[in-house]
Amino acid sequence: MGDKDKLISDEPIEAGIGSASSKNAKKQEQNIRGPWYLASGFLLFWALLFFAVVQPLFYRLPTGLTIEDAGKGVFIAERAQNNLYNLVQIGTKVVGSDGNENKTVEYLWSLVMEIKENALEDYFDVEVDHQVGSGEYIHWTMVNKYQGVQNIVVKLTPKNTTSEKYVLVNSHFDSKPTSPSAGDDGEMVVTLLEVLRVMSTTKQTFKHPIVFLFNGAEENPLEASHLFITQHPYAKKCAVLLNCDSAGGGGREIVFQSGPNQAWLMNQIYKTYAKHPFANSMAEEIFQTGILPSDTDFGIFTKYGSIVGLDIAQLINGYFYHTKYDRFENIPRGSIQNTGENLLSLVRALSNSTQVENTAAYTSGHAVFFDVLGLYFVSYTESIGVTLNYSVAAVTLILIFVSVWRTASISNVSLGNVLCWFILILIVQIIAFVLGLGLPVVVAYLFDMYGLSLTYFSTPALMIGLYICPSLLGLSLPSYIYLRLRKNSKVAFAQQLQLVLHGHAAVLAILAIGITVYGLRSAYVITWTLVFYALPLAINLLTTLHDRGFSWTGVLKITQVVPFAYNSYLIYTFLVTLVPMMGRFGRSTNPDLIISALNGLGTILAMGFLIPLVNMFRRPTMILFSLLAISGITIYVASSTQLGFPYRPKTNVERVPYLHVRRTFYEFDGTVSKDDSGYLFNFQDRRGPNPLKNTRVNLTGLVSVADDCDKYIMCGLPFYDHRWVKSRLQAMWLLRAEPIVTPSVPKLVLVSKTLLEDNHTIHFEFSAEATNHASIFFQPYPDVAIKNWSLPAAYLGQNKVNHIYFTYGKDDSALTFWFDLYKADADFGVPSIIVGFANHFIGDSGDALSQVFTKSMPSYAATIDWPASYQQFLF
């Protein structure tokens, strides 16, 4: 041990602030601490590690193969890309439109038949089916009724197979209004076509038949998958699923749901066969909370069929998701190659898997899984995860105790005294944890209070100053103050700093135990963070580096490269996914709270063991002031300059969905009591209409519809689907003086009205000549009950308003339904029920005034609009 090390670790420092010995000790301490300017270099290293290593690995894609590279069993991205170009040229593919029901079906059918003709007849049978059907089911709080929905179904069967279990691979070809759907879900559709082509033309056989489902109504929502799984002859034999969807496009695809309760899918299949792994069980738990504004066919398949599988989706570039900017040029060839190579390998693996024969026999709970920077994949069963979490937390706490005992021994201080000091440090670190998470949230709250949410939406780098620097400040300030004001001079400064890190580790260990008890697999993140703290601590204790001044920091800094890289990669994944989603998260929730908390959590996990080390250097105050200065400058820039304005044309747009509404209210005797027109807005982000003010668009008179929601059934407005219904209290109405002329006037006809034998129940039968997207709302009067009706009754009587959401594809015949009303006094000479009839003319640009209004929108607004009618009846 060198002389300088002895000064810090071996020689006791006499107590007494202001004494000569105390001043000498502090001077000696300053001499051994590094120069102040190295502290900034220390932090710069970790920033460079992220931007030079972590971020490039996140966006890394393989080279897209061309047709010239074609070989046996090789996925060719160029061929899929050519198909995507043609698919995108069709334009929007809304259910019921010519683009979806005719042009897209015809194009995909031609590609499938071409693949069938070129298949190796001696090895495979290729069966192609065009499914058209109708059905109904409960989705959220509405009856989702559909008719004439289409599927293209291809079954690839190896010759002489005896297997009666199929592998199902699904994607959808329909789109949201205005979207040409290159990412959602064109990229996946053409990828599956190429996988089918490769497998059917390669002499590489397999055991289980594979069903490729190209479904024509996912966005409606989820209707075509329901049609297949409940009505197609293949459905009952489908045992395992690969569901392929998108919330963006142009990057790597992530597995964000698995099972349920089939750990082998991740532990054996994905872990072994995914060539470019990208998956996370923490993402699975977040998605399954239901807080995200997305859904997939995966839930329909697992709910209505005895099927297990993997839910896979694109997530990068979510800014253009469901807008007119979801274009071909946003999907690089490397992205298609990445997805294609993964899916081809996974389909081959599943089609040869023994587990497919009887998945129920392999039910083993959930899996804990995650990729490490896309380079390596880790997975294990949930039960192993629980054991690992408890074990690592326990070992960490034991090693901390040994370290505390060792510190007491080399400092000639009683163990009890050091434990008391450590308890104080533990409290300090709990405060640091709270501040590290809380300060970014405070910034987010204040920004939202002043109407400045989403400032990072177009400039994500602002999150560094808005959230990361405040989090670092919160993490480091309590320990800095403690070490600055410490009264204990008997324990060397280096050991006190080590105790500070022990305090942080103890907080994480307690948190890991608590999260594990709660049942969340996401505790793995903390567990593996602790592994790379316990490991250097054990090494330092065994080699006595623990006792030599700051020598213990060397091993720690080396091992911290791993948790820093992984944790920053993990949180970056969530930020890349969630930041674009905040632009469609709705007005009722402050999205900045989510993003700020995520940044704070990532900072704690990535830098929790690193930021206190700035105290190794002289003048750590300069680092704290630097963090404060960066935050201050960023807050000014974000709040006072154009850089903090959320939206940019084409790349980071404001979504502005609205309807050109003509509404008519009829009294019990058929007379019209209300007939007006206006624009119904469903603003999708926190800022609502504010970004449109002071632009060319005239929003004078725009009001909330919340007051009308107490007066009229469903606020007296034609809300589009279940998401519009859910957020109706945040909708806004702009009255238009000139009547809106809709392309047609849909008709709701009362076919019959019959009093039943009990004289207290009346039977109504209706026929509705509706558009391809329509809703019917029912609200009985307080003294009336809907006794029965012709539709699924799961929610009948449970909701204030019952909702039928009706769509059709090829079959435009009228919707017919009936219901029975019960009334105790049997007086049916007065109104018994209110019926709202909403119709949507999707794809129509509206009348001349509506088109002028749309064109007045600013360039950064992505309008999603069409005419709609609403008729209210009393029966």
# chains A, B, ... in the order shown; residues from 1 in each chain; ligands from 1
$ closest_atom_pairs --of "stretch 270-337 of chain A" --to "stretch 132-140 of chain A" --cutoff "12 Å" --atoms "only C-alpha atoms" --output "Markdown table"
| residue | atom | partner | partner_atom | distance |
| --- | --- | --- | --- | --- |
| A:Gly290 | CA | A:Trp140 | CA | 11.4 |
| A:Asp295 | CA | A:His139 | CA | 11.2 |
| A:Gly299 | CA | A:His139 | CA | 10.8 |
| A:Ile300 | CA | A:His139 | CA | 9.7 |
| A:Lys303 | CA | A:Tyr137 | CA | 11.4 |
| A:Tyr304 | CA | A:Tyr137 | CA | 10.2 |
$ residues_around --residues "A:Phe585" --least-positions-apart "6" --cutoff "12 Å" --atoms "only C-alpha atoms" --output "MDAnalysis selection string"
chainID A and resid 291:294 454 578:579 591:592 594:595 654:655 682:688 723 727
$ closest_residue --among "A:Leu610, A:Phe875, A:Lys93, A:Pro792" --to "A:Thr141" --atoms "only C-alpha atoms"
A:Pro792
$ atom_distance --atom1 "atom CA of A:Val94" --atom2 "atom CA of A:Pro718"
18.4 Å
$ select_by_dssp --residues "stretch 230-298 of chain A" --states "helix (DSSP H, G or I)" --output "list in words"
Thr230, Gln231, Ala235, Lys236, Lys237, Trp264, Leu265, Met266, Asn267, Gln268, Ile269, Tyr270, Lys271, Thr272, Tyr273, Ser281, Met282, Ala283, Glu284, Glu285, Ile286, Phe287 and Phe298 of chain A
$ closest_atom_pairs --of "stretch 774-802 of chain A" --to "stretch 829-839 of chain A" --cutoff "6 Å" --atoms "only C-alpha atoms" --output "tab-separated table"
residue	atom	partner	partner_atom	distance
A:Ala774	CA	A:Asn839	CA	4.4
A:Ser775	CA	A:Ala838	CA	5.0
A:Ile776	CA	A:Phe837	CA	4.8
A:Phe777	CA	A:Gly836	CA	4.8
A:Phe778	CA	A:Val835	CA	4.8
A:Gln779	CA	A:Ile834	CA	5.1
A:Pro780	CA	A:Ile833	CA	4.0
A:Tyr781	CA	A:Ile833	CA	5.5
$ write_last_selection --atoms "C-alpha atoms" --output "compact mmCIF listing (two decimals), in the first residue's frame"
# COMPACT_ATOMS: atom_id res chain seq x y z
CA ALA A 774 -71.61 2.97 -38.35
CA SER A 775 -72.63 2.97 -34.70
CA ILE A 776 -75.96 2.54 -32.99
CA PHE A 777 -76.35 3.71 -29.39
CA PHE A 778 -79.21 2.67 -27.06
CA GLN A 779 -80.27 4.34 -23.85
CA PRO A 780 -83.55 3.25 -22.22
CA TYR A 781 -85.50 5.71 -20.08
$ closest_residue --among "A:Ala432, A:Ile384, A:Leu815, A:Leu874" --to "A:Asp669" --atoms "only C-alpha atoms"
A:Leu874
$ residues_around --residues "A:Val442" --least-positions-apart "2" --cutoff "12 Å" --atoms "only C-alpha atoms" --output "VMD selection string"
chain A and resid 434 to 440 444 to 449 466 to 467 470 to 471 474 592 to 597 600
$ write_last_selection --atoms "C-alpha atoms" --output "PDB file, in the first residue's frame"
ATOM      1  CA  VAL A 434     -36.866   9.892  -4.588  1.00  0.00           C
ATOM      2  CA  LEU A 435     -35.233  13.063  -5.903  1.00  0.00           C
ATOM      3  CA  GLY A 436     -33.726  11.234  -8.877  1.00  0.00           C
ATOM      4  CA  LEU A 437     -37.198  10.119  -9.878  1.00  0.00           C
ATOM      5  CA  GLY A 438     -39.098  13.117  -8.549  1.00  0.00           C
ATOM      6  CA  LEU A 439     -37.223  16.132  -9.929  1.00  0.00           C
ATOM      7  CA  PRO A 440     -37.855  15.199 -13.588  1.00  0.00           C
ATOM      8  CA  ALA A 444     -42.866  17.746 -16.322  1.00  0.00           C
ATOM      9  CA  TYR A 445     -45.657  18.873 -14.023  1.00  0.00           C
ATOM     10  CA  LEU A 446     -44.629  22.531 -14.198  1.00  0.00           C
ATOM     11  CA  PHE A 447     -44.312  22.489 -17.982  1.00  0.00           C
ATOM     12  CA  ASP A 448     -47.779  20.977 -18.283  1.00  0.00           C
ATOM     13  CA  MET A 449     -49.168  23.536 -15.830  1.00  0.00           C
ATOM     14  CA  LEU A 466     -35.291  18.577 -18.954  1.00  0.00           C
ATOM     15  CA  TYR A 467     -35.204  15.218 -17.223  1.00  0.00           C
ATOM     16  CA  PRO A 470     -32.383  17.019 -12.937  1.00  0.00           C
ATOM     17  CA  SER A 471     -32.379  13.300 -12.179  1.00  0.00           C
ATOM     18  CA  GLY A 474     -31.299  14.640  -7.473  1.00  0.00           C
ATOM     19  CA  ASP A 592     -44.754  14.247 -19.760  1.00  0.00           C
ATOM     20  CA  LEU A 593     -45.224  12.525 -16.404  1.00  0.00           C
ATOM     21  CA  ILE A 594     -44.691   9.180 -18.129  1.00  0.00           C
ATOM     22  CA  ILE A 595     -41.698  10.303 -20.176  1.00  0.00           C
ATOM     23  CA  SER A 596     -40.058  12.156 -17.290  1.00  0.00           C
ATOM     24  CA  ALA A 597     -40.501   9.212 -14.919  1.00  0.00           C
ATOM     25  CA  GLY A 600     -35.624   9.341 -14.195  1.00  0.00           C
TER      26      GLY A 600
END
$ residues_around --residues "A:Leu168" --least-positions-apart "3" --cutoff "6 Å" --atoms "only C-alpha atoms" --output "number ranges by chain"
A: 210-211, 238, 241
$ atom_distance --atom1 "atom CA of A:Glu121" --atom2 "atom CA of A:Thr191"
22.6 Å
$ atom_distance --atom1 "atom CA of A:Lys203" --atom2 "atom CA of A:Pro277"
26.3 Å
$ residues_around --residues "A:His366" --least-positions-apart "4" --cutoff "6 Å" --atoms "only C-alpha atoms" --output "list in words"
Asn261, Ala263 and Glu382 of chain A
$ write_last_selection --atoms "N, CA, C and O atoms" --output "CSV table (one decimal), in the first residue's frame"
chain,number,residue,atom,x,y,z
A,261,ASN,N,-48.2,-18.3,-20.6
A,261,ASN,CA,-47.8,-19.4,-19.8
A,261,ASN,C,-47.0,-20.5,-20.6
A,261,ASN,O,-47.2,-21.7,-20.3
A,263,ALA,N,-43.3,-20.7,-21.4
A,263,ALA,CA,-42.0,-20.2,-21.3
A,263,ALA,C,-41.1,-20.7,-22.4
A,263,ALA,O,-40.1,-20.1,-22.8
A,382,GLU,N,-40.0,-17.9,-15.1
A,382,GLU,CA,-40.4,-17.0,-14.0
A,382,GLU,C,-40.0,-17.5,-12.7
A,382,GLU,O,-39.5,-16.7,-11.8
$ residues_around --residues "A:Val74" --least-positions-apart "2" --cutoff "10 Å" --atoms "only C-alpha atoms" --output "list in words"
Leu65, Asp69, Ala70, Gly71, Lys72, Ile76, Ala77, Glu194, Val195, Val198, Met199, Thr202, Gly340, Glu341 and Leu344 of chain A
$ write_last_selection --atoms "N, CA and C atoms" --output "compact mmCIF listing (two decimals), in the first residue's frame"
# COMPACT_ATOMS: atom_id res chain seq x y z
N LEU A 65 -30.62 -8.06 -48.67
CA LEU A 65 -30.19 -8.86 -49.81
C LEU A 65 -31.02 -8.51 -51.06
N ASP A 69 -28.57 -11.88 -54.92
CA ASP A 69 -28.04 -12.70 -53.83
C ASP A 69 -28.85 -13.97 -53.61
N ALA A 70 -29.87 -14.18 -54.42
CA ALA A 70 -30.80 -15.30 -54.20
C ALA A 70 -30.05 -16.62 -54.16
N GLY A 71 -30.37 -17.40 -53.16
CA GLY A 71 -29.81 -18.73 -53.01
C GLY A 71 -30.82 -19.61 -52.33
N LYS A 72 -30.49 -20.82 -52.06
CA LYS A 72 -31.43 -21.76 -51.47
C LYS A 72 -31.76 -21.37 -50.03
N ILE A 76 -34.95 -12.80 -49.32
CA ILE A 76 -34.52 -11.72 -50.19
C ILE A 76 -35.38 -10.48 -49.94
N ALA A 77 -34.77 -9.47 -49.30
CA ALA A 77 -35.52 -8.27 -48.94
C ALA A 77 -35.96 -7.48 -50.16
N GLU A 194 -42.77 -13.29 -48.56
CA GLU A 194 -41.43 -13.77 -48.93
C GLU A 194 -41.04 -15.00 -48.11
N VAL A 195 -41.42 -15.04 -46.84
CA VAL A 195 -41.17 -16.25 -46.03
C VAL A 195 -41.89 -17.44 -46.65
N VAL A 198 -40.01 -18.51 -49.83
CA VAL A 198 -38.76 -19.21 -49.54
C VAL A 198 -39.03 -20.64 -49.07
N MET A 199 -39.97 -20.78 -48.16
CA MET A 199 -40.23 -22.11 -47.60
C MET A 199 -40.85 -23.05 -48.63
N THR A 202 -37.93 -24.29 -51.22
CA THR A 202 -36.67 -24.81 -50.67
C THR A 202 -36.88 -26.25 -50.22
N GLY A 340 -37.42 -10.35 -41.87
CA GLY A 340 -37.56 -11.58 -42.67
C GLY A 340 -36.68 -12.71 -42.18
N GLU A 341 -35.43 -12.40 -41.85
CA GLU A 341 -34.53 -13.46 -41.37
C GLU A 341 -35.00 -14.02 -40.04
N LEU A 344 -38.42 -16.07 -40.76
CA LEU A 344 -38.14 -17.30 -41.48
C LEU A 344 -37.56 -18.36 -40.55
$ closest_residue --among "A:Gln257, A:Thr761, A:Asn160, A:Thr573" --to "A:Phe58" --atoms "only C-alpha atoms"
A:Thr573
$ closest_residue --among "A:Leu692, A:Val531, A:Gln872, A:Trp866" --to "A:Lys747" --atoms "only C-alpha atoms"
A:Gln872
